[in-house]
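Q: So that you have it, the file is model_28.csv, and it contains CSV, C-alpha atoms:
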```csv
chain,number,residue,atom,x,y,z
A,1119,MET,CA,-20.4,-8.8,8.8
A,1120,LYS,CA,-18.4,-5.6,9.0
A,1121,PHE,CA,-16.2,-3.8,6.4
A,1122,GLY,CA,-13.5,-1.4,7.2
A,1123,VAL,CA,-12.1,1.2,4.8
A,1124,VAL,CA,-8.6,2.4,5.6
A,1125,VAL,CA,-8.0,6.2,5.3
A,1126,PHE,CA,-4.5,7.5,4.8
A,1127,PRO,CA,-3.6,11.2,4.3
A,1128,GLY,CA,-4.2,11.5,0.6
A,1129,SER,CA,-6.6,8.7,0.1
A,1130,ASN,CA,-9.4,9.9,-2.1
A,1131,CYS,CA,-11.5,6.9,-3.0
A,1132,ASP,CA,-12.3,6.1,0.6
A,1133,ARG,CA,-15.7,7.7,0.5
A,1134,ASP,CA,-16.7,6.1,-2.8
A,1135,CYS,CA,-15.8,2.6,-1.3
A,1136,PHE,CA,-17.7,3.5,1.9
A,1137,TYR,CA,-20.8,4.7,-0.1
A,1138,VAL,CA,-20.9,1.5,-2.3
A,1139,ILE,CA,-20.6,-0.8,0.8
A,1140,GLN,CA,-23.1,1.1,2.9
A,1141,ASP,CA,-25.7,2.3,0.3
A,1142,VAL,CA,-25.4,-0.2,-2.6
A,1143,LEU,CA,-24.2,-3.3,-0.9
A,1144,LYS,CA,-26.1,-2.5,2.3
A,1145,GLN,CA,-23.5,-3.8,4.7
A,1146,PRO,CA,-22.1,-2.2,7.9
A,1147,VAL,CA,-18.8,-0.3,7.2
A,1148,GLU,CA,-16.5,1.9,9.2
A,1149,PHE,CA,-13.6,4.2,8.3
A,1150,ILE,CA,-10.3,3.2,9.8
A,1151,TRP,CA,-7.8,6.1,10.3
A,1152,HIS,CA,-4.3,5.1,9.5
A,1153,LYS,CA,-3.1,6.0,13.0
A,1154,GLN,CA,-5.2,3.2,14.4
A,1155,SER,CA,-2.9,0.3,15.6
A,1156,GLN,CA,-5.7,-2.2,16.3
A,1157,LEU,CA,-8.5,-3.7,14.3
A,1158,ASN,CA,-11.5,-5.2,16.0
A,1159,GLY,CA,-14.3,-7.3,14.5
A,1160,PHE,CA,-13.7,-6.6,10.8
A,1161,ASP,CA,-14.5,-9.3,8.1
A,1162,CYS,CA,-13.0,-7.4,5.2
A,1163,ILE,CA,-10.6,-4.5,5.0
A,1164,VAL,CA,-10.6,-2.2,1.9
A,1165,ILE,CA,-7.5,-0.2,1.1
A,1166,PRO,CA,-8.8,2.5,-1.2
A,1167,GLY,CA,-7.3,4.5,-4.1
A,1168,GLY,CA,-5.8,7.9,-3.9
A,1169,PHE,CA,-2.4,9.4,-3.3
A,1170,SER,CA,-1.4,8.2,0.1
A,1171,TYR,CA,1.4,10.5,1.4
A,1172,GLY,CA,1.4,12.3,-1.9
A,1173,ASP,CA,2.9,9.3,-3.6
A,1174,TYR,CA,6.2,10.6,-2.2
A,1175,LEU,CA,9.3,8.3,-2.7
A,1176,ARG,CA,7.2,5.5,-4.4
A,1177,CYS,CA,3.4,5.0,-4.5
A,1178,GLY,CA,2.4,3.2,-1.3
A,1179,ALA,CA,6.0,3.1,0.1
A,1180,ILE,CA,5.3,5.4,3.1
A,1181,ALA,CA,1.7,4.3,3.7
A,1182,ARG,CA,3.0,0.7,4.1
A,1183,PHE,CA,4.6,1.8,7.4
A,1184,SER,CA,1.5,3.6,8.8
A,1185,PRO,CA,0.5,2.2,12.2
A,1186,VAL,CA,-2.7,0.6,10.7
A,1187,MET,CA,-0.7,-1.6,8.3
A,1188,LYS,CA,0.7,-3.8,11.1
A,1189,PRO,CA,-2.8,-5.1,12.1
A,1190,VAL,CA,-3.8,-5.2,8.5
A,1191,ILE,CA,-0.9,-7.5,7.7
A,1192,ASP,CA,-1.6,-9.6,10.7
A,1193,PHE,CA,-5.3,-9.8,9.6
A,1194,ALA,CA,-4.3,-10.9,6.1
A,1195,TYR,CA,-1.9,-13.6,7.5
A,1196,GLU,CA,-4.8,-14.9,9.6
A,1197,GLY,CA,-6.8,-15.3,6.4
A,1198,GLY,CA,-8.9,-12.1,6.7
A,1199,LEU,CA,-10.1,-10.6,3.4
A,1200,VAL,CA,-8.1,-7.6,2.2
A,1201,LEU,CA,-9.0,-5.7,-1.0
A,1202,GLY,CA,-6.6,-3.1,-2.3
A,1203,ILE,CA,-7.8,-0.9,-5.1
A,1204,CYS,CA,-5.4,1.3,-7.2
A,1205,ASN,CA,-3.2,3.0,-4.6
A,1206,GLY,CA,-4.4,0.3,-2.2
A,1207,PHE,CA,-2.9,-2.3,-4.6
A,1208,GLN,CA,0.4,-0.4,-4.6
A,1209,VAL,CA,0.3,-0.4,-0.8
A,1210,LEU,CA,-0.2,-4.2,-0.8
A,1211,LEU,CA,2.7,-4.6,-3.1
A,1212,GLU,CA,5.0,-2.4,-1.0
A,1213,SER,CA,4.0,-4.2,2.1
A,1214,GLY,CA,4.8,-7.6,0.6
A,1215,LEU,CA,1.3,-9.0,1.0
A,1216,LEU,CA,1.3,-9.3,-2.8
A,1217,PRO,CA,4.3,-10.1,-5.1
A,1218,GLY,CA,5.7,-7.7,-7.7
A,1219,ALA,CA,6.0,-3.9,-8.0
A,1220,MET,CA,4.5,-1.0,-10.0
A,1221,LEU,CA,6.4,1.0,-12.6
A,1222,ARG,CA,5.3,4.2,-14.3
A,1223,ASN,CA,2.8,3.6,-17.1
A,1224,ARG,CA,4.6,2.7,-20.4
A,1225,ASP,CA,3.8,6.0,-22.0
A,1226,LEU,CA,4.5,8.1,-18.9
A,1227,ASN,CA,0.9,9.4,-18.8
A,1228,PHE,CA,-1.6,9.5,-16.1
A,1229,ILE,CA,-4.5,7.5,-17.6
A,1230,CYS,CA,-8.1,8.1,-16.5
A,1231,LYS,CA,-10.6,6.2,-18.7
A,1232,TYR,CA,-12.8,3.2,-19.0
A,1233,VAL,CA,-11.1,-0.1,-20.0
A,1234,TYR,CA,-12.1,-3.7,-20.3
A,1235,ILE,CA,-10.8,-6.5,-18.1
A,1236,ARG,CA,-11.4,-10.2,-18.2
A,1237,ILE,CA,-12.0,-12.5,-15.2
A,1238,GLU,CA,-9.1,-15.0,-15.2
A,1239,ASN,CA,-9.9,-16.6,-11.9
A,1240,ASN,CA,-13.4,-16.6,-10.5
A,1241,MET,CA,-12.6,-18.9,-7.5
A,1242,THR,CA,-11.4,-16.1,-5.2
A,1243,SER,CA,-13.3,-14.4,-2.4
A,1244,PHE,CA,-13.6,-11.3,-4.6
A,1245,THR,CA,-14.7,-12.8,-7.9
A,1246,ASN,CA,-16.8,-15.9,-7.1
A,1247,LEU,CA,-20.0,-14.3,-8.5
A,1248,TYR,CA,-18.5,-13.7,-11.9
A,1249,LYS,CA,-18.0,-16.4,-14.5
A,1250,LYS,CA,-14.5,-17.1,-15.8
A,1251,GLY,CA,-14.0,-15.1,-19.0
A,1252,ASP,CA,-16.6,-12.4,-18.0
A,1253,ILE,CA,-15.6,-9.0,-19.5
A,1254,LEU,CA,-16.0,-6.0,-17.3
A,1255,LYS,CA,-16.2,-2.4,-18.3
A,1256,ILE,CA,-14.4,-0.6,-15.6
A,1257,PRO,CA,-12.4,2.7,-15.1
A,1258,ILE,CA,-8.7,3.1,-14.3
A,1259,ALA,CA,-7.1,6.2,-13.0
A,1260,HIS,CA,-3.4,5.9,-12.3
A,1261,TYR,CA,0.2,6.9,-13.3
A,1262,GLU,CA,1.9,3.9,-11.9
A,1263,GLY,CA,0.0,0.8,-12.9
A,1264,ASN,CA,2.6,-0.9,-15.1
A,1265,TYR,CA,2.8,-4.2,-13.2
A,1266,TYR,CA,6.2,-5.8,-13.0
A,1267,ILE,CA,7.5,-9.0,-11.6
A,1268,ASP,CA,10.6,-11.0,-12.5
A,1269,GLU,CA,10.3,-14.0,-14.8
A,1270,ASN,CA,10.4,-16.7,-12.2
A,1271,ASP,CA,7.9,-15.1,-9.9
A,1272,LEU,CA,5.6,-14.5,-12.9
A,1273,LYS,CA,5.7,-18.2,-13.7
A,1274,THR,CA,4.7,-19.0,-10.1
A,1275,LEU,CA,2.0,-16.4,-10.2
A,1276,GLU,CA,0.5,-17.9,-13.4
A,1277,GLU,CA,0.9,-21.5,-12.1
A,1278,ASN,CA,-1.0,-20.7,-8.9
A,1279,LYS,CA,-3.7,-18.9,-10.9
A,1280,GLN,CA,-3.0,-15.7,-8.9
A,1281,VAL,CA,-3.7,-13.5,-12.0
A,1282,VAL,CA,-7.4,-12.5,-11.4
A,1283,PHE,CA,-7.9,-9.8,-14.0
A,1284,ARG,CA,-6.3,-9.0,-17.3
A,1285,TYR,CA,-6.7,-6.0,-19.5
A,1286,CYS,CA,-8.5,-7.0,-22.7
A,1287,SER,CA,-10.3,-5.7,-25.8
A,1288,ARG,CA,-14.1,-5.2,-25.8
A,1289,GLU,CA,-14.4,-8.7,-27.2
A,1290,GLY,CA,-12.2,-10.1,-24.4
A,1291,ASP,CA,-9.0,-10.6,-26.3
A,1292,ILE,CA,-5.8,-10.3,-24.3
A,1293,LYS,CA,-3.5,-8.3,-26.7
A,1294,PRO,CA,-1.0,-5.5,-26.5
A,1295,GLU,CA,-3.4,-2.9,-28.0
A,1296,ALA,CA,-5.7,-3.6,-25.1
A,1297,ASN,CA,-3.0,-3.0,-22.5
A,1298,PRO,CA,-3.3,0.6,-21.3
A,1299,ASN,CA,-0.2,0.9,-19.2
A,1300,GLY,CA,2.3,-1.8,-20.2
A,1301,ALA,CA,1.6,-4.2,-17.4
A,1302,LEU,CA,3.3,-7.5,-17.8
A,1303,GLY,CA,0.9,-10.1,-19.2
A,1304,ASN,CA,-1.8,-7.4,-19.3
A,1305,ILE,CA,-2.2,-8.0,-15.6
A,1306,ALA,CA,-4.8,-5.7,-14.0
A,1307,GLY,CA,-5.2,-7.5,-10.7
A,1308,ILE,CA,-3.7,-10.4,-8.7
A,1309,ALA,CA,-4.4,-12.3,-5.5
A,1310,ASN,CA,-2.1,-13.9,-3.0
A,1311,LYS,CA,-1.6,-17.7,-3.2
A,1312,GLU,CA,-4.2,-18.2,-0.5
A,1313,GLY,CA,-6.8,-16.0,-2.3
A,1314,ASN,CA,-7.7,-13.8,0.7
A,1315,VAL,CA,-5.8,-10.7,-0.5
A,1316,LEU,CA,-6.6,-9.1,-3.8
A,1317,GLY,CA,-5.0,-6.0,-5.5
A,1318,MET,CA,-6.5,-4.4,-8.6
A,1319,MET,CA,-5.7,-1.2,-10.5
A,1320,PRO,CA,-9.2,-0.7,-11.9
A,1321,HIS,CA,-11.9,0.9,-9.7
A,1322,PRO,CA,-14.9,-1.4,-9.0
A,1323,GLU,CA,-16.3,1.2,-6.6
A,1324,ARG,CA,-16.6,3.7,-9.5
A,1325,CYS,CA,-18.7,1.3,-11.5
A,1326,SER,CA,-21.1,-0.3,-9.0
A,1327,GLU,CA,-24.3,1.3,-10.3
A,1328,ASN,CA,-25.6,1.3,-13.9
A,1329,GLU,CA,-26.5,5.0,-13.5
A,1330,LEU,CA,-22.8,5.7,-13.5
A,1331,GLY,CA,-22.2,4.2,-16.9
A,1332,SER,CA,-21.3,0.7,-15.7
A,1333,GLY,CA,-22.3,-1.6,-12.9
A,1334,ASP,CA,-19.8,-4.2,-13.8
A,1335,GLY,CA,-17.6,-3.7,-10.6
A,1336,PHE,CA,-20.4,-4.4,-8.1
A,1337,LEU,CA,-20.0,-8.2,-8.1
A,1338,VAL,CA,-16.5,-7.7,-6.6
A,1339,PHE,CA,-18.2,-6.4,-3.4
A,1340,LYS,CA,-21.1,-8.8,-3.7
A,1341,SER,CA,-18.7,-11.7,-4.1
A,1342,ILE,CA,-17.1,-10.8,-0.7
A,1343,VAL,CA,-20.5,-11.0,1.0
A,1344,SER,CA,-21.4,-14.3,-0.6
A,1345,TRP,CA,-18.0,-15.7,0.4
A,1346,LEU,CA,-18.3,-14.5,4.0
A,1347,GLU,CA,-21.8,-15.9,4.2
A,1348,ARG,CA,-20.8,-19.3,3.0
A,1349,LYS,CA,-17.8,-19.4,5.5
B,558,MET,CA,28.5,13.2,11.4
B,559,PHE,CA,28.4,11.9,7.8
B,560,GLU,CA,27.2,13.5,4.6
B,561,VAL,CA,25.4,10.9,2.6
B,562,LYS,CA,24.4,10.7,-1.1
B,563,ILE,CA,22.1,7.7,-2.0
B,564,SER,CA,21.4,7.0,-5.6
B,565,ILE,CA,18.5,4.8,-6.6
B,566,MET,CA,18.3,3.5,-10.1
B,567,LEU,CA,15.8,1.2,-11.9
B,568,LYS,CA,17.5,-2.2,-12.3
B,569,LYS,CA,19.2,-2.8,-15.7
B,570,THR,CA,16.5,-5.4,-16.5
B,571,VAL,CA,13.7,-2.8,-16.1
B,572,ALA,CA,12.9,-0.6,-19.0
B,573,ASP,CA,13.2,3.2,-18.3
B,574,PRO,CA,11.1,5.1,-20.8
B,575,GLN,CA,12.1,8.4,-19.3
B,576,GLY,CA,15.8,7.7,-19.9
B,577,LEU,CA,15.0,6.5,-23.5
B,578,THR,CA,13.1,9.7,-24.2
B,579,VAL,CA,15.9,11.9,-22.9
B,580,LYS,CA,18.4,9.9,-25.0
B,581,HIS,CA,16.3,10.7,-28.1
B,582,ALA,CA,16.2,14.4,-27.2
B,583,LEU,CA,20.0,14.4,-26.8
B,584,ASP,CA,20.3,12.6,-30.1
B,585,SER,CA,18.2,15.3,-31.8
B,586,LEU,CA,20.4,18.0,-30.3
B,587,GLY,CA,23.3,16.4,-32.1
B,588,TYR,CA,24.8,14.3,-29.3
B,589,LYS,CA,25.0,11.2,-31.3
B,590,ASP,CA,27.4,9.3,-29.1
B,591,VAL,CA,25.1,9.0,-26.1
B,592,ASP,CA,23.7,5.7,-25.1
B,593,ASN,CA,22.1,3.9,-22.1
B,594,VAL,CA,20.5,7.1,-20.6
B,595,ARG,CA,18.9,6.1,-17.3
B,596,ILE,CA,17.1,8.4,-14.8
B,597,GLY,CA,17.1,7.7,-11.1
B,598,LYS,CA,16.7,9.4,-7.7
B,599,LEU,CA,19.3,11.1,-5.5
B,600,ILE,CA,18.6,11.3,-1.8
B,601,THR,CA,21.0,13.3,0.4
B,602,MET,CA,21.1,13.3,4.2
B,603,LEU,CA,23.2,14.0,7.2
B,604,LEU,CA,23.6,10.9,9.4
B,605,LYS,CA,24.9,10.8,13.0
B,606,ALA,CA,27.1,7.8,13.6
B,607,ASP,CA,30.3,7.1,15.5
B,608,LYS,CA,32.0,5.1,12.8
B,609,LYS,CA,31.8,4.8,9.1
B,610,ASP,CA,30.9,1.1,9.0
B,611,ALA,CA,28.1,1.6,11.5
B,612,ALA,CA,26.7,4.4,9.3
B,613,GLU,CA,27.0,2.2,6.2
B,614,LYS,CA,25.2,-0.7,8.0
B,615,GLN,CA,22.3,1.7,8.9
B,616,LEU,CA,22.1,3.0,5.4
B,617,ASP,CA,22.0,-0.4,3.9
B,618,LYS,CA,19.0,-1.2,6.1
B,619,MET,CA,17.3,2.1,5.3
B,620,CYS,CA,17.6,1.4,1.6
B,621,ARG,CA,16.3,-2.1,1.8
B,622,LYS,CA,13.5,-1.3,4.1
B,623,LEU,CA,12.2,2.0,2.6
B,624,LEU,CA,14.3,4.0,0.3
B,625,ALA,CA,14.5,1.5,-2.6
B,626,ASN,CA,12.2,-1.2,-3.8
B,627,PRO,CA,14.6,-4.2,-4.4
B,628,ILE,CA,12.1,-5.7,-6.9
B,629,ILE,CA,12.7,-2.9,-9.4
B,630,GLU,CA,15.5,-0.8,-8.1
B,631,ASP,CA,19.2,-0.9,-7.2
B,632,TYR,CA,20.8,1.4,-4.8
B,633,SER,CA,24.3,2.7,-3.9
B,634,PHE,CA,25.6,5.4,-1.6
B,635,ASP,CA,28.6,7.7,-1.1
B,636,ILE,CA,29.4,8.6,2.4
B,637,LYS,CA,31.8,11.3,3.7
B,638,GLU,CA,32.7,12.4,7.2
B,639,VAL,CA,31.9,16.0,7.9
```
Turn this file's structure into structure tokens for me.
A:
Amino acid sequence: MKFGVVVFPGSNCDRDCFYVIQDVLKQPVEFIWHKQSQLNGFDCIVIPGGFSYGDYLRCGAIARFSPVMKPVIDFAYEGGLVLGICNGFQVLLESGLLPGAMLRNRDLNFICKYVYIRIENNMTSFTNLYKKGDILKIPIAHYEGNYYIDENDLKTLEENKQVVFRYCSREGDIKPEANPNGALGNIAGIANKEGNVLGMMPHPERCSENELGSGDGFLVFKSIVSWLERK
Amino acid sequence: MFEVKISIMLKKTVADPQGLTVKHALDSLGYKDVDNVRIGKLITMLLKADKKDAAEKQLDKMCRKLLANPIIEDYSFDIKEV
């Protein structure tokens, strides 16, 4: 089993992801520089958070055309597991691997804090060790996390159970007060229809050890291993 | 050679909190007749092309591929031979 963590100019959560996979999850992992135009032998690709290309033009819009994205997109279409976190989620939206787009946060603030999210779908490659309805304490750190999709596509998204995480209160209620950024339907993370590509704004790699205040994100990584082992 | 101005705006169906805040600021300065303030991006460039319609075709592609995100944004451009 081999993980790859893509590194764009401006990525800044790449090392955190690498550390969690290597030292906490105890799985082989390699960095993949964005200039690389081939991928060999990977089972899961992580697109980490940060500010790829300085967030110029739109978040993820330029990274989406980096040489590495061509093989990543091919890998995803062949059923390979791709996890996009924060800026990585934005890159997946821009590349069309996931539907919708990100707007600036409702209150036009960069938000960096712990929030709660609820597991809406635990049947994906990334959430199979959680129970449906589990509440995670997990940090967000973004300016553009206000998920938007048009009404028809939202309906499709809901029907296909592609909404994987929603922002919620500590008790697990999905309500406007628990929505940090204005995202439609309190959406914090979605998968593609096939379930092999996941994008999420919160950072599971920042809460994968209890010593850091929360270990609630670790099962995202562990679910990937359990999924790949069963395959 | 063509001088190009591309304007990219959030779609009318997408809320623009920045525009709304500026509208309120104008309102508080006494400009009470202002409405529908929207803030977008302006991109300028020089483009080499033989004919205007060839330039326009290229620009259309650039906008759809990279410069605008059609899910949330509309684009338009002005083009002038120089």
Q: Within 7 Å of range 1206-1210 of chain A, counting all atoms listed in the file, which residues show up once you throw out same-chain ones fewer than 3 positions away? Write them as a count of residues only, please.
A: 18
Q: With 12 Å as the limit and counting only C-alpha atoms, what residues in chain A lie close to chain B? Please list them as JSON, numbers by chain.
A: {"A": [1174, 1175, 1176, 1177, 1178, 1179, 1180, 1181, 1182, 1183, 1208, 1211, 1212, 1213, 1214, 1217, 1218, 1219, 1220, 1221, 1222, 1223, 1224, 1225, 1226, 1227, 1264, 1265, 1266, 1267, 1268, 1269, 1271, 1300, 1301, 1302]}
Q: Excluding range 1155-1157 of chain A and its own-chain neighbours fewer than 2 positions away, which residues fall within 10 Å of it when counting only C-alpha atoms? Please give them as a ChimeraX atom specification.
A: /A:1122,1150-1153,1159-1160,1163,1184-1190,1192-1193
Q: Compile the contact shell of Lys569 in chain B as an NGL selection string: residues with an atom at most 12 Å away, counting only C-alpha atoms, same-chain residues fewer than 5 positions apart removed.
A: :B and (576 or 593-597 or 628-632)
Q: I'd like to know which of B:Met558, B:Ile636, B:Leu599, B:Ala582 is closest to Leu616 in chain B, using only C-alpha atoms.
A: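 Using only C-alpha atoms, the shortest distance to Leu616 in chain B belongs to B:Ile636.
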Q: Within 10 Å of range 1234-1239 of chain A, counting only C-alpha atoms, which residues show up once you throw out same-chain ones fewer than 6 positions away? Write them as a PyMOL selection string, please.
A: chain A and resi 1245-1246+1248-1258+1279-1292+1296-1298+1304-1309+1320
Q: What's the separation between CA of Lys1311 in chain A and CA of Thr1274 in chain A, in Å to one decimal place?
A: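 If I compute the distance from CA of Lys1311 in chain A to CA of Thr1274 in chain A, I get 9.4 Å.
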Q: Distance CA of Asp592 in chain B-CA of Arg621 in chain B, one decimal place?
A: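 Distance between the two atoms: 29.0 Å.
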Q: Please indicate the distance in Å from CA of Ala1259 in chain A to CA of Val1123 in chain A, rounded to one decimal place.
A: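 Between CA of Ala1259 in chain A and CA of Val1123 in chain A the gap works out to 19.2 Å.
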Q: With only C-alpha atoms as the basis for distance, which of A:Asn1310, A:Asn1205, A:Asn1158, A:Asn1299 is at the shortest distance from Phe1244 in chain A?
A: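 Of the candidates, the smallest distance to Phe1244 in chain A is held by A:Asn1310.
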Q: Taking 5 positions as the minimum chain separation for residues in the same chain, which residues sit within 12 Å of Lys1340 in chain A when counting all atoms listed in the file? Answer as a list in words.
A: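 Near neighbours after the sequence-gap exclusion: Val1138, Ile1139, Val1142, Leu1143, Lys1144, Gln1145, Ser1243, Phe1244, Thr1245, Asn1246, Leu1247, Tyr1248, Pro1322, Glu1323, Ser1326, Gly1333, Asp1334, Gly1335, Trp1345, Leu1346 and Glu1347 of chain A.
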Q: Of the candidates B:Asp590, B:Asp584, B:Asp607, B:Asp617, which one gets nearest to Val639 in chain B if we count only C-alpha atoms?
A: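 For Val639 in chain B, the nearest of the given residues is B:Asp607.
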